[in-house]
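**Q** If you scroll down you'll find the structure; I have some questions about it.
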Amino acid sequence: MLNSKIPDGRLSQKWEEYKGHVQLVNPANKRKLEIIVIGTGLAGASAAASLGEMGYQVKAFCFQDSPRRAHSIAAQGGINAAKNYQNDGDSVFRLFYDTVKGGDYRAREANVHRLAEVSASIIDQCVAQGVPFAREYGGLLSNRSFGGTQVQRTFYAAGQTGQQLLIGAYQALERQVALGSVTMYSRHEMLDIVKIDGKARGIIARNLITGKLERYFGHAVLLCSGGYGNVFYLSTNAMGSNVTAIWKAHKLGAYFGNPCFTQIHPTCIPVSGDHQSKLTLMSESLRNDGRIWVPKKQNDTRRPNEIPEDERDYYLERRYPAFGNLVPRDVASRAAKERCDAGFGVGTSRQAVYLDYAAAIERYGKIECNKLGIDNVSAENIMHHGKEVVKEKYGNLFDMYEKITGENPYDIPMRIYPAVHYTMGGLWVDYDLMTTVPGLYALGEANFSDHGANRLGASALMQGLADGYFVIPYTLGSFLANEIRTAAIPTDHPAFIEAEKLVNDRIHQLKNINGNQSVESLHKKLGKIMWDKCGMERNAEGLKQAINEIQQLKKEFWSDVRIPGDIEEFNPELDKANRVADFIELGELMCIDALQRNESCGGHFREEMQTPEGEALRDDANFQYVAAWEFKGEHEWQVHKEELIFEVAKPTQRSYK
Amino acid sequence: MEHYSMNLTLQIWRQKNSLDKGDFETYEIKDISSEMSFLEMIDVLNEKLINEGKDAIAFDHDCREGICGACSMHINGRPHGPWHATTVCQLHMRAFKNGETIVVEPWRSKAFPVIKDLVVDRSSFDRIIQAGGYISVNTGNAVDANAIPINKDNADDSFAAASCIGCGACVAACKNSSAMLFLAAKVSHLALLPQGKPERKARALNMVAQMDKEGFGSCTFTGACEAVCPKEISITNISRLNKEYFGAGLSIDKQ
Ligand SMILES: Cc1cc2nc3c(=O)[nH]c(=O)nc-3n(C[C@H](O)[C@H](O)[C@H](O)COP(=O)(O)OP(=O)(O)OC[C@H]3O[C@@H](n4cnc5c(N)ncnc54)[C@H](O)[C@@H]3O)c2cc1C
Ligand code: SF4
Ligand code: FES
């Protein structure tokens, strides 16, 4: 039975009550307890640093050459917090409510409320560490708005918020490394978990420089390994982002929650050809000021500036007057696809819509000229000042767009199209963030917990740092307080030897296949199946086909992959092969989950289940649960259901009209 | 934007491991689209090498968005290649013409030993941060974020310095292999904020000492670093670091 361990009491009191009663570990015992942290993104770096400060012995791992390069570094737009600095009616409750509603009522109320409660402390902590958030002239922090909300609660540092937050956490982590409480293992990839007497007690990692396998013990293991959007091959995730850490955990008994919940982000630079290796996000913050449109005429080949105002269809403003361009991501993505499929797409591929800054540039230009007291300004002058303002707000994003496409977005509207961006699914965890394996935790994007079927913009950074700085330091105590008598287990214990042998055998098996196809080309095949049949829209027929095709692809992979180089050396192709093998298995489970969920909710859109206007149609009577999948054997899973109870945020049909 | 296709000659540094001597290998590659990124062009070459039964070229990369700082190629004598303020992952092939020869090497510096092919070991940068590139504040000790207003200009300058991605191009470009721009960026980021003030003296001294220990050379202010920095970190940060450093040295002498 799934026990989510949600504390009793009123929703708004649960976390306070919990903190008041959770077991503590005294300082002398903390020094004897060892914790393994996989990943140094926002979740992992903040957890490792905080636990190190508390006195635990921490070992942190990442596969990049430095913890500072974790994928969190690429987050652009911002981080939410219920500070209400703008005095626009924000509150903990409102942030909680927006998140549950934005997630289309498929998240757990208690976790989300806790997230909203700690959000304000995150901003305080980051500022204390020296994170240079954007400020107003008065010296106070600036905010912007993001999709799915009507308040301004997003803190940001130009278009580099993730970078600045991660550097803050990285610095805190390096300080603990200097103090000796954290040992950092960069260029190490966790390839299995070691379980002893039913508890997670260590890992097997591959030293990516030497290629050798190494064993590490921990009283507890924290997986902060990020999301698995790269199962689609093309996504906005970093090239190395992968599912391996949580997949190994899954195969050892950790249930996988809502694997099919994927977020497709509406504003990314469109695919330019077969060579495409990844997709680049244009931050959601751009929807604050940019207007999205397509021509009113089908197959219109005119250049954007030749299309007069009254021949443009600002379809989001038309369909959703209340939220306009700021509807949540799932809604905006599907609306773009709908227009393109109906023949209104732009650009050579016709798989794109315009994101236009002309109106914003003019508006800002006028304000700026007013401020500067310039009278009788020419249109040119207004545009000049407006571009300056836009440059300050979004300069790095505009530059990136120009570098990639060769077009200047200050003068020509950007072409954008939806792309895979984030995975709401992940390891099932209870209120303590513990998986179904005792002693094994999942934090950040790696768990399923807070975003339901759709994540709101600027909430992943918030969740990663909430988990690492403010949740796990408390909740880990409830497990470790009972482990103080467990002495460190030597890594020549048979369980370690056995786990290492399995990993070693698998690597040799992969390497010895010596087939005809590169890892990359097989990964592309998987991506195509997933995008076509388990992407923005899904139907039962397609999903059944996809399951079949993926099972075939698995056979193909294990009989025809070719990995160059040697095992005991630096070998990125081998690293990739390990990851893609796991992605293939995950892909199957995602399709099974999507097939099982015969409703549309958030980012999961089943074609069979939509309203007459084409909006997602939830089925609360039958699907108001978390699907937590237990691994049973090859191609075999069993679903366990955690019923979701909404005491405070009563489910309604989401409406952004 | 007009797109075109090109054939290229590539001379790429191949080195099996840190002990191997290493040498250039020449590759001919055809039908490269001007829309590809430089790394996608290398992907195409690697696919070809794997199909021919050869080992792929190892190179560091992750975000491919110019922000993680992993990518690091010396292209035709310039770290990150020909485009101003651009990491190699953001460099696109329209920077090159049909028939061109392109020479690709790893970062060259004693403090960045080669691991394989184009991959180097930059862990020395992490150790420089460990020496003091942080503010000593434990989780949970913070006051309200708006309790300390910060002058917008200082906040903006601090942010500009903090946008360093730790790629190491500055070191690779410097004839002395100095890491001063990287270090100065960190010292400036923190020294410009009130939160960073209490530790500023020790920070500057300890980080510089660590840089020396790692085998980076000293700075003779040639400006080569600033010219190649993909994040346009300004060399004025080095002047600020020098002020911090000598100020710290003097006040410590007085004690
Ligand atoms: C382009 C982009 C922009 C975004 N912008 C925003 C935004 O503006 N606001 C927002 O809230 N969210 C944003 N997001 C989402 C957000 O960035 C991520 O959800 C979040 O950063 C994930 O953090 P994390 O700590 O969980 O994992 P990550 O940052 O992905 O870190 C994963 C870590 O795990 C390590 N790892 C993984 N597997 C292994 C293994 N097997 N062995 C060892 N180490 C391993 C990696 O080395 C890495 O250190 C954005 C995402 C993208 C792609
Ligand atoms: S200062 Fe510039 S070149 Fe040097 S590491 Fe930082 S970003 Fe790279
Ligand atoms: S790959 Fe991240 S900066 Fe180039």
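Residues are referred to by chain and number: the chain letter is A, B, ... according to the order shown in the structure tokens, the number counts from 1 in that chain, and ligands are numbered separately from 1 in the order shown.
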Mind checking DSSP for region 2-237 of chain B and telling me the strand (DSSP E) residues as number ranges by chain?
**A** B: 5-14, 23-33, 74-75, 78-79, 101-105, 114-116, 119-120
**Q** Take the selection from the previous step and output its residues with N, CA and C atoms, as a short mmCIF file (atom, residue, chain, number, x, y, z; two decimals), in the first residue's frame.
**A**
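The result, stored in selection-v2.cif:
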```
data_model
loop_
_atom_site.label_atom_id
_atom_site.label_comp_id
_atom_site.auth_asym_id
_atom_site.auth_seq_id
_atom_site.Cartn_x
_atom_site.Cartn_y
_atom_site.Cartn_z
N SER B 5 25.35 24.92 -48.42
CA SER B 5 25.96 23.69 -47.99
C SER B 5 27.45 23.78 -48.32
N MET B 6 28.29 23.14 -47.52
CA MET B 6 29.74 23.30 -47.76
C MET B 6 30.52 22.01 -47.51
N ASN B 7 31.68 21.92 -48.12
CA ASN B 7 32.64 20.84 -47.87
C ASN B 7 33.82 21.45 -47.13
N LEU B 8 34.32 20.74 -46.16
CA LEU B 8 35.36 21.31 -45.31
C LEU B 8 36.48 20.32 -45.07
N THR B 9 37.66 20.87 -44.75
CA THR B 9 38.76 20.05 -44.26
C THR B 9 38.95 20.39 -42.80
N LEU B 10 38.98 19.38 -41.96
CA LEU B 10 39.15 19.62 -40.53
C LEU B 10 40.46 19.03 -40.06
N GLN B 11 41.22 19.81 -39.30
CA GLN B 11 42.41 19.26 -38.65
C GLN B 11 42.13 19.28 -37.17
N ILE B 12 41.97 18.09 -36.60
CA ILE B 12 41.52 18.00 -35.22
C ILE B 12 42.56 17.29 -34.36
N TRP B 13 42.77 17.83 -33.18
CA TRP B 13 43.72 17.25 -32.24
C TRP B 13 43.17 15.94 -31.67
N ARG B 14 43.91 14.84 -31.85
CA ARG B 14 43.51 13.56 -31.27
C ARG B 14 44.57 13.14 -30.26
N ASP B 23 48.35 14.21 -31.61
CA ASP B 23 48.73 14.80 -32.89
C ASP B 23 47.46 15.24 -33.63
N PHE B 24 47.63 16.02 -34.70
CA PHE B 24 46.47 16.39 -35.51
C PHE B 24 46.13 15.27 -36.48
N GLU B 25 44.83 15.11 -36.72
CA GLU B 25 44.36 14.22 -37.78
C GLU B 25 43.55 15.07 -38.75
N THR B 26 43.60 14.71 -40.00
CA THR B 26 42.86 15.48 -41.00
C THR B 26 41.63 14.70 -41.47
N TYR B 27 40.50 15.40 -41.53
CA TYR B 27 39.24 14.77 -41.98
C TYR B 27 38.60 15.64 -43.06
N GLU B 28 38.06 14.99 -44.06
CA GLU B 28 37.28 15.71 -45.08
C GLU B 28 35.81 15.47 -44.76
N ILE B 29 35.04 16.51 -44.81
CA ILE B 29 33.62 16.34 -44.51
C ILE B 29 32.78 17.12 -45.50
N LYS B 30 31.69 16.48 -45.95
CA LYS B 30 30.90 17.04 -47.06
C LYS B 30 29.48 17.41 -46.62
N ASP B 31 28.88 18.28 -47.41
CA ASP B 31 27.46 18.63 -47.27
C ASP B 31 27.07 19.11 -45.88
N ILE B 32 27.88 20.00 -45.37
CA ILE B 32 27.55 20.59 -44.07
C ILE B 32 26.66 21.80 -44.31
N SER B 33 25.52 21.84 -43.63
CA SER B 33 24.58 22.94 -43.83
C SER B 33 25.01 24.16 -43.01
N HIS B 74 39.42 25.27 -29.26
CA HIS B 74 40.26 26.31 -29.80
C HIS B 74 40.15 26.16 -31.31
N ILE B 75 39.55 27.13 -31.99
CA ILE B 75 39.27 26.98 -33.41
C ILE B 75 40.05 28.02 -34.20
N ARG B 78 41.74 30.54 -32.06
CA ARG B 78 40.99 31.39 -31.15
C ARG B 78 40.06 30.53 -30.28
N PRO B 79 40.10 30.72 -28.95
CA PRO B 79 39.18 29.96 -28.11
C PRO B 79 37.74 30.27 -28.49
N THR B 101 39.58 25.26 -44.49
CA THR B 101 40.21 24.32 -43.57
C THR B 101 40.05 24.88 -42.16
N ILE B 102 39.62 24.03 -41.25
CA ILE B 102 39.39 24.49 -39.87
C ILE B 102 40.28 23.65 -38.93
N VAL B 103 41.03 24.33 -38.07
CA VAL B 103 41.92 23.65 -37.14
C VAL B 103 41.30 23.69 -35.74
N VAL B 104 41.14 22.52 -35.13
CA VAL B 104 40.48 22.45 -33.82
C VAL B 104 41.41 21.81 -32.79
N GLU B 105 41.63 22.53 -31.69
CA GLU B 105 42.51 22.04 -30.62
C GLU B 105 41.81 22.17 -29.27
N VAL B 114 45.14 17.79 -20.66
CA VAL B 114 44.22 17.12 -21.59
C VAL B 114 43.82 15.76 -21.03
N ILE B 115 42.53 15.44 -21.07
CA ILE B 115 42.04 14.12 -20.65
C ILE B 115 41.95 13.21 -21.86
N LYS B 116 41.32 13.72 -22.91
CA LYS B 116 41.26 12.98 -24.18
C LYS B 116 40.86 13.95 -25.29
N VAL B 119 39.08 17.29 -24.72
CA VAL B 119 38.57 17.41 -23.34
C VAL B 119 39.72 17.70 -22.39
N VAL B 120 39.57 18.74 -21.57
CA VAL B 120 40.62 19.05 -20.59
C VAL B 120 40.05 19.01 -19.17
#
```
**Q** What are the closest atom pairs, with distances in Å to one decimal, for all residues of chain B lying within 6 Å of chain A? Consider only C-alpha atoms, order rows by chain and residue number, and present the result as JSON lines.
**A**
```
{"residue": "B:Asp55", "atom": "CA", "partner": "A:Pro564", "partner_atom": "CA", "distance": 5.0}
{"residue": "B:Asp62", "atom": "CA", "partner": "A:Met239", "partner_atom": "CA", "distance": 4.9}
{"residue": "B:Cys63", "atom": "CA", "partner": "A:Ala238", "partner_atom": "CA", "distance": 4.1}
{"residue": "B:Cys68", "atom": "CA", "partner": "A:Arg69", "partner_atom": "CA", "distance": 4.8}
{"residue": "B:Gln130", "atom": "CA", "partner": "A:Glu174", "partner_atom": "CA", "distance": 5.1}
{"residue": "B:Tyr134", "atom": "CA", "partner": "A:Gln171", "partner_atom": "CA", "distance": 5.1}
{"residue": "B:Ile135", "atom": "CA", "partner": "A:Gln129", "partner_atom": "CA", "distance": 5.6}
{"residue": "B:Thr139", "atom": "CA", "partner": "A:Ser50", "partner_atom": "CA", "distance": 6.0}
{"residue": "B:Ala142", "atom": "CA", "partner": "A:Gln125", "partner_atom": "CA", "distance": 5.2}
{"residue": "B:Asp144", "atom": "CA", "partner": "A:Asp124", "partner_atom": "CA", "distance": 5.3}
{"residue": "B:Ala145", "atom": "CA", "partner": "A:Asp124", "partner_atom": "CA", "distance": 4.4}
{"residue": "B:Asn146", "atom": "CA", "partner": "A:Leu140", "partner_atom": "CA", "distance": 5.8}
{"residue": "B:Pro149", "atom": "CA", "partner": "A:Gly139", "partner_atom": "CA", "distance": 4.5}
{"residue": "B:Ile150", "atom": "CA", "partner": "A:Gly139", "partner_atom": "CA", "distance": 4.5}
{"residue": "B:Asn151", "atom": "CA", "partner": "A:Gly139", "partner_atom": "CA", "distance": 4.8}
{"residue": "B:Lys152", "atom": "CA", "partner": "A:Gly139", "partner_atom": "CA", "distance": 5.5}
{"residue": "B:Phe159", "atom": "CA", "partner": "A:Pro132", "partner_atom": "CA", "distance": 5.3}
```
**Q** Residues of the last selection are to be written out with C-alpha atoms, as a PDB file, in the first residue's frame.
**A**
```pdb
ATOM      1  CA  ASP B  55      36.759   6.144 -32.335  1.00  0.00           C
ATOM      2  CA  ASP B  62      26.159  19.856 -22.329  1.00  0.00           C
ATOM      3  CA  CYS B  63      23.698  22.740 -22.542  1.00  0.00           C
ATOM      4  CA  CYS B  68      26.986  25.790 -18.834  1.00  0.00           C
ATOM      5  CA  GLN B 130      36.822  26.587  -2.767  1.00  0.00           C
ATOM      6  CA  TYR B 134      31.525  32.363  -1.754  1.00  0.00           C
ATOM      7  CA  ILE B 135      29.737  34.163   1.029  1.00  0.00           C
ATOM      8  CA  THR B 139      21.013  27.799   5.061  1.00  0.00           C
ATOM      9  CA  ALA B 142      19.002  34.894   5.954  1.00  0.00           C
ATOM     10  CA  ASP B 144      14.290  39.304   4.427  1.00  0.00           C
ATOM     11  CA  ALA B 145      15.594  39.776   0.899  1.00  0.00           C
ATOM     12  CA  ASN B 146      14.439  43.391   0.700  1.00  0.00           C
ATOM     13  CA  PRO B 149      18.440  47.558  -0.715  1.00  0.00           C
ATOM     14  CA  ILE B 150      21.278  47.438  -3.206  1.00  0.00           C
ATOM     15  CA  ASN B 151      22.097  50.266  -5.541  1.00  0.00           C
ATOM     16  CA  LYS B 152      20.955  49.179  -8.997  1.00  0.00           C
ATOM     17  CA  PHE B 159      25.443  40.502 -12.182  1.00  0.00           C
TER      18      PHE B 159
END
```
**Q** Once DSSP has gone over the backbone, tell me which residues of region 42-145 of chain A are in helix (DSSP H, G or I), as a ChimeraX atom specification.
**A** /A:42-54,67-69,71-74,92-102,109-129
**Q** Within 12 Å of Gln298 (chain A), counting only C-alpha atoms, which residues qualify if same-chain residues fewer than 5 places away don't, as number ranges by chain?
**A** A: 311-313, 339-346, 350
**Q** Restricting the output to all heavy atoms, write the selected residues as an mmCIF file, in the first residue's frame.
**A**
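Resulting contents of out14.cif:
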```
data_model
loop_
_atom_site.group_PDB
_atom_site.id
_atom_site.type_symbol
_atom_site.label_atom_id
_atom_site.label_comp_id
_atom_site.auth_asym_id
_atom_site.auth_seq_id
_atom_site.Cartn_x
_atom_site.Cartn_y
_atom_site.Cartn_z
ATOM 1 N N GLU A 311 -4.783 41.524 -40.786
ATOM 2 C CA GLU A 311 -4.728 40.182 -41.374
ATOM 3 C C GLU A 311 -3.935 39.231 -40.484
ATOM 4 O O GLU A 311 -3.487 38.180 -40.919
ATOM 5 C CB GLU A 311 -4.110 40.258 -42.781
ATOM 6 C CG GLU A 311 -5.028 40.980 -43.753
ATOM 7 C CD GLU A 311 -4.409 41.104 -45.139
ATOM 8 O OE1 GLU A 311 -3.744 40.159 -45.581
ATOM 9 O OE2 GLU A 311 -4.592 42.172 -45.761
ATOM 10 N N ARG A 312 -3.752 39.662 -39.225
ATOM 11 C CA ARG A 312 -3.041 38.807 -38.280
ATOM 12 C C ARG A 312 -4.008 38.231 -37.262
ATOM 13 O O ARG A 312 -4.922 38.930 -36.824
ATOM 14 C CB ARG A 312 -1.988 39.617 -37.523
ATOM 15 C CG ARG A 312 -0.940 40.218 -38.430
ATOM 16 C CD ARG A 312 -0.018 41.113 -37.637
ATOM 17 N NE ARG A 312 1.046 41.607 -38.506
ATOM 18 C CZ ARG A 312 2.148 42.204 -38.052
ATOM 19 N NH1 ARG A 312 2.315 42.371 -36.744
ATOM 20 N NH2 ARG A 312 3.067 42.618 -38.890
ATOM 21 N N ASP A 313 -3.796 37.008 -36.881
ATOM 22 C CA ASP A 313 -4.650 36.370 -35.887
ATOM 23 C C ASP A 313 -3.847 36.166 -34.598
ATOM 24 O O ASP A 313 -2.987 35.297 -34.532
ATOM 25 C CB ASP A 313 -5.135 35.013 -36.432
ATOM 26 C CG ASP A 313 -5.974 34.257 -35.408
ATOM 27 O OD1 ASP A 313 -6.416 34.881 -34.415
ATOM 28 O OD2 ASP A 313 -6.183 33.039 -35.610
ATOM 29 N N ARG A 339 -3.050 25.670 -34.796
ATOM 30 C CA ARG A 339 -2.954 26.623 -35.902
ATOM 31 C C ARG A 339 -2.069 26.066 -37.030
ATOM 32 O O ARG A 339 -2.398 26.180 -38.207
ATOM 33 C CB ARG A 339 -2.386 27.970 -35.429
ATOM 34 C CG ARG A 339 -3.353 28.866 -34.657
ATOM 35 C CD ARG A 339 -4.491 29.433 -35.490
ATOM 36 N NE ARG A 339 -5.600 28.468 -35.644
ATOM 37 C CZ ARG A 339 -6.649 28.651 -36.419
ATOM 38 N NH1 ARG A 339 -6.750 29.759 -37.139
ATOM 39 N NH2 ARG A 339 -7.599 27.752 -36.506
ATOM 40 N N CYS A 340 -0.931 25.478 -36.645
ATOM 41 C CA CYS A 340 -0.016 24.972 -37.676
ATOM 42 C C CYS A 340 -0.649 23.795 -38.427
ATOM 43 O O CYS A 340 -0.590 23.730 -39.652
ATOM 44 C CB CYS A 340 1.323 24.565 -37.071
ATOM 45 S SG CYS A 340 2.242 25.977 -36.436
ATOM 46 N N ASP A 341 -1.272 22.888 -37.690
ATOM 47 C CA ASP A 341 -1.914 21.741 -38.335
ATOM 48 C C ASP A 341 -3.029 22.190 -39.273
ATOM 49 O O ASP A 341 -3.318 21.550 -40.276
ATOM 50 C CB ASP A 341 -2.493 20.772 -37.287
ATOM 51 C CG ASP A 341 -1.397 20.045 -36.523
ATOM 52 O OD1 ASP A 341 -0.210 20.191 -36.918
ATOM 53 O OD2 ASP A 341 -1.703 19.344 -35.540
ATOM 54 N N ALA A 342 -3.663 23.335 -38.930
ATOM 55 C CA ALA A 342 -4.755 23.829 -39.761
ATOM 56 C C ALA A 342 -4.239 24.630 -40.958
ATOM 57 O O ALA A 342 -5.013 25.224 -41.704
ATOM 58 C CB ALA A 342 -5.706 24.677 -38.918
ATOM 59 N N GLY A 343 -2.901 24.698 -41.093
ATOM 60 C CA GLY A 343 -2.351 25.329 -42.290
ATOM 61 C C GLY A 343 -1.985 26.805 -42.138
ATOM 62 O O GLY A 343 -1.742 27.491 -43.127
ATOM 63 N N PHE A 344 -1.926 27.301 -40.894
ATOM 64 C CA PHE A 344 -1.614 28.718 -40.707
ATOM 65 C C PHE A 344 -0.168 28.957 -40.261
ATOM 66 O O PHE A 344 0.213 30.062 -39.929
ATOM 67 C CB PHE A 344 -2.576 29.339 -39.689
ATOM 68 C CG PHE A 344 -4.004 29.326 -40.144
ATOM 69 C CD1 PHE A 344 -4.865 28.290 -39.792
ATOM 70 C CD2 PHE A 344 -4.482 30.346 -40.962
ATOM 71 C CE1 PHE A 344 -6.181 28.268 -40.231
ATOM 72 C CE2 PHE A 344 -5.797 30.333 -41.404
ATOM 73 C CZ PHE A 344 -6.660 29.283 -41.044
ATOM 74 N N GLY A 345 0.614 27.876 -40.218
ATOM 75 C CA GLY A 345 1.995 27.992 -39.737
ATOM 76 C C GLY A 345 2.850 28.882 -40.633
ATOM 77 O O GLY A 345 2.506 29.139 -41.781
ATOM 78 N N VAL A 346 3.963 29.352 -40.108
ATOM 79 C CA VAL A 346 4.849 30.255 -40.858
ATOM 80 C C VAL A 346 6.250 29.663 -40.975
ATOM 81 O O VAL A 346 6.541 28.618 -40.394
ATOM 82 C CB VAL A 346 4.905 31.647 -40.185
ATOM 83 C CG1 VAL A 346 3.511 32.253 -40.104
ATOM 84 C CG2 VAL A 346 5.548 31.555 -38.802
ATOM 85 N N ARG A 350 6.671 25.678 -42.074
ATOM 86 C CA ARG A 350 5.237 25.868 -41.749
ATOM 87 C C ARG A 350 4.913 25.339 -40.348
ATOM 88 O O ARG A 350 3.761 25.222 -39.973
ATOM 89 C CB ARG A 350 4.310 25.182 -42.752
ATOM 90 C CG ARG A 350 4.540 25.591 -44.176
ATOM 91 C CD ARG A 350 3.639 26.754 -44.567
ATOM 92 N NE ARG A 350 4.407 27.761 -45.266
ATOM 93 C CZ ARG A 350 4.143 29.063 -45.224
ATOM 94 N NH1 ARG A 350 3.153 29.506 -44.508
ATOM 95 N NH2 ARG A 350 4.876 29.926 -45.883
#
```
**Q** Residues within 10 Å of ligand 2 should be enumerated using only C-alpha atoms and all ligand atoms and returned as a PyMOL selection string.
**A** chain B and resi 66-70+72+79-80+85-87+125+161-173+178-186+224-235+237
**Q** Write a file of the just-selected residues containing C-alpha atoms, as a short mmCIF file (atom, residue, chain, number, x, y, z; two decimals), in the first residue's frame.
**A**
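Produced file again.cif, reproduced below:
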```cif
data_model
loop_
_atom_site.label_atom_id
_atom_site.label_comp_id
_atom_site.auth_asym_id
_atom_site.auth_seq_id
_atom_site.Cartn_x
_atom_site.Cartn_y
_atom_site.Cartn_z
CA GLY B 66 26.16 29.03 -24.20
CA ILE B 67 25.54 28.91 -20.48
CA CYS B 68 26.99 25.79 -18.83
CA GLY B 69 30.58 26.55 -19.81
CA ALA B 70 31.37 22.96 -20.77
CA SER B 72 35.83 24.39 -25.03
CA PRO B 79 39.18 29.96 -28.11
CA HIS B 80 35.51 29.36 -29.03
CA ALA B 85 31.06 36.86 -27.42
CA THR B 86 29.98 33.39 -28.49
CA THR B 87 30.72 29.95 -27.06
CA PHE B 125 38.68 26.36 -11.29
CA ALA B 161 30.63 39.78 -13.40
CA ALA B 162 28.60 36.84 -12.09
CA SER B 163 27.65 35.85 -15.62
CA CYS B 164 31.07 34.19 -16.07
CA ILE B 165 30.45 30.59 -17.13
CA GLY B 166 33.81 29.21 -15.96
CA CYS B 167 34.73 27.99 -19.42
CA GLY B 168 38.43 28.80 -19.25
CA ALA B 169 38.69 30.54 -22.63
CA CYS B 170 40.42 33.44 -20.89
CA VAL B 171 43.19 31.09 -19.74
CA ALA B 172 43.44 29.47 -23.15
CA ALA B 173 43.85 32.85 -24.85
CA SER B 178 46.66 33.40 -16.30
CA ALA B 179 43.25 32.82 -14.74
CA MET B 180 42.92 36.43 -13.63
CA LEU B 181 39.75 37.25 -15.58
CA PHE B 182 37.92 34.24 -14.16
CA LEU B 183 39.09 35.07 -10.67
CA ALA B 184 38.39 38.78 -11.02
CA ALA B 185 34.87 38.03 -12.19
CA LYS B 186 34.16 36.08 -9.00
CA ALA B 224 43.63 38.73 -24.72
CA CYS B 225 41.20 37.25 -22.17
CA GLU B 226 38.62 39.98 -22.52
CA ALA B 227 38.73 39.73 -26.30
CA VAL B 228 37.71 36.06 -26.32
CA CYS B 229 35.46 35.89 -23.28
CA PRO B 230 32.07 34.62 -24.48
CA LYS B 231 30.31 36.51 -21.70
CA GLU B 232 32.14 39.79 -22.30
CA ILE B 233 33.55 39.88 -18.77
CA SER B 234 35.31 43.23 -18.64
CA ILE B 235 39.00 43.54 -17.90
CA ASN B 237 37.27 43.55 -13.13
#
```
**Q** Please provide as a list of chain:residue names all residues within 9 Å of Thr491 (chain A), with the sequence filter that same-chain residues fewer than 5 positions apart are discarded (counting only C-alpha atoms).
**A**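 In the requested form, the answer reads A:Gly202, A:Arg215, A:Tyr216, A:Phe217, A:Phe496, A:Ile497.
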**Q** List the neighbours of Gln551 (chain A) out to 9 Å using only C-alpha atoms; skip same-chain residues closer than 3 positions along the sequence, and give me the result as JSON, numbers by chain.
**A** {"A": [546, 547, 548, 554, 555, 556, 584, 585, 588, 635]}
**Q** Could you list, as a VMD selection string, every residue within 6 Å of region 33-42 of chain A, counting only C-alpha atoms and ignoring same-chain residues fewer than 3 positions away?
**A** chain A and resid 30 45 to 46 56 to 62 67 70 72 166 218 to 225 464 to 465
**Q** Counting only C-alpha atoms, what is within 12 Å of Ala495 (chain A), bar same-chain residues fewer than 2 positions away, as a PyMOL selection string?
**A** chain A and resi 192-204+215-217+489-493+497-502
**Q** Nearest residue to Arg122 (chain B) out of B:Val187, B:Ile42, B:Ile50, B:Cys71, using only C-alpha atoms?
**A** B:Cys71
**Q** Considering only C-alpha atoms, can you say which of A:Gly347, A:Pro321, A:Gly426, A:Gly365 comes closest to Ala446 (chain A)?
**A**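 The shortest atom-to-atom distance to Ala446 (chain A) comes from A:Gly426.
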**Q** Here is a test: counting only C-alpha atoms, which residue of B:Phe59, B:Phe112, B:Tyr4, B:Phe96 is nearest to Ser18 (chain B)?
**A**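 Going through B:Phe59, B:Phe112, B:Tyr4, B:Phe96 one by one, the smallest distance to Ser18 (chain B) is for B:Phe112.
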**Q** Could you jot down the CA of Asp212 (chain B) to CA of Val182 (chain A) separation for me, Å, one decimal place?
**A**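 It comes out at 24.3 Å.
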**Q** Between CA of Cys534 (chain A) and CA of Glu607 (chain A), what distance in Å does the model show, to one decimal?
**A**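 Computed distance, CA of Cys534 (chain A) to CA of Glu607 (chain A), equals 11.3 Å.
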**Q** Restricting the calculation to only C-alpha atoms and all ligand atoms: of B:His189, B:Lys197, B:Arg64, B:His84, which residue gets closest to ligand 1?
**A**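 The closest residue to ligand 1 is B:Arg64.
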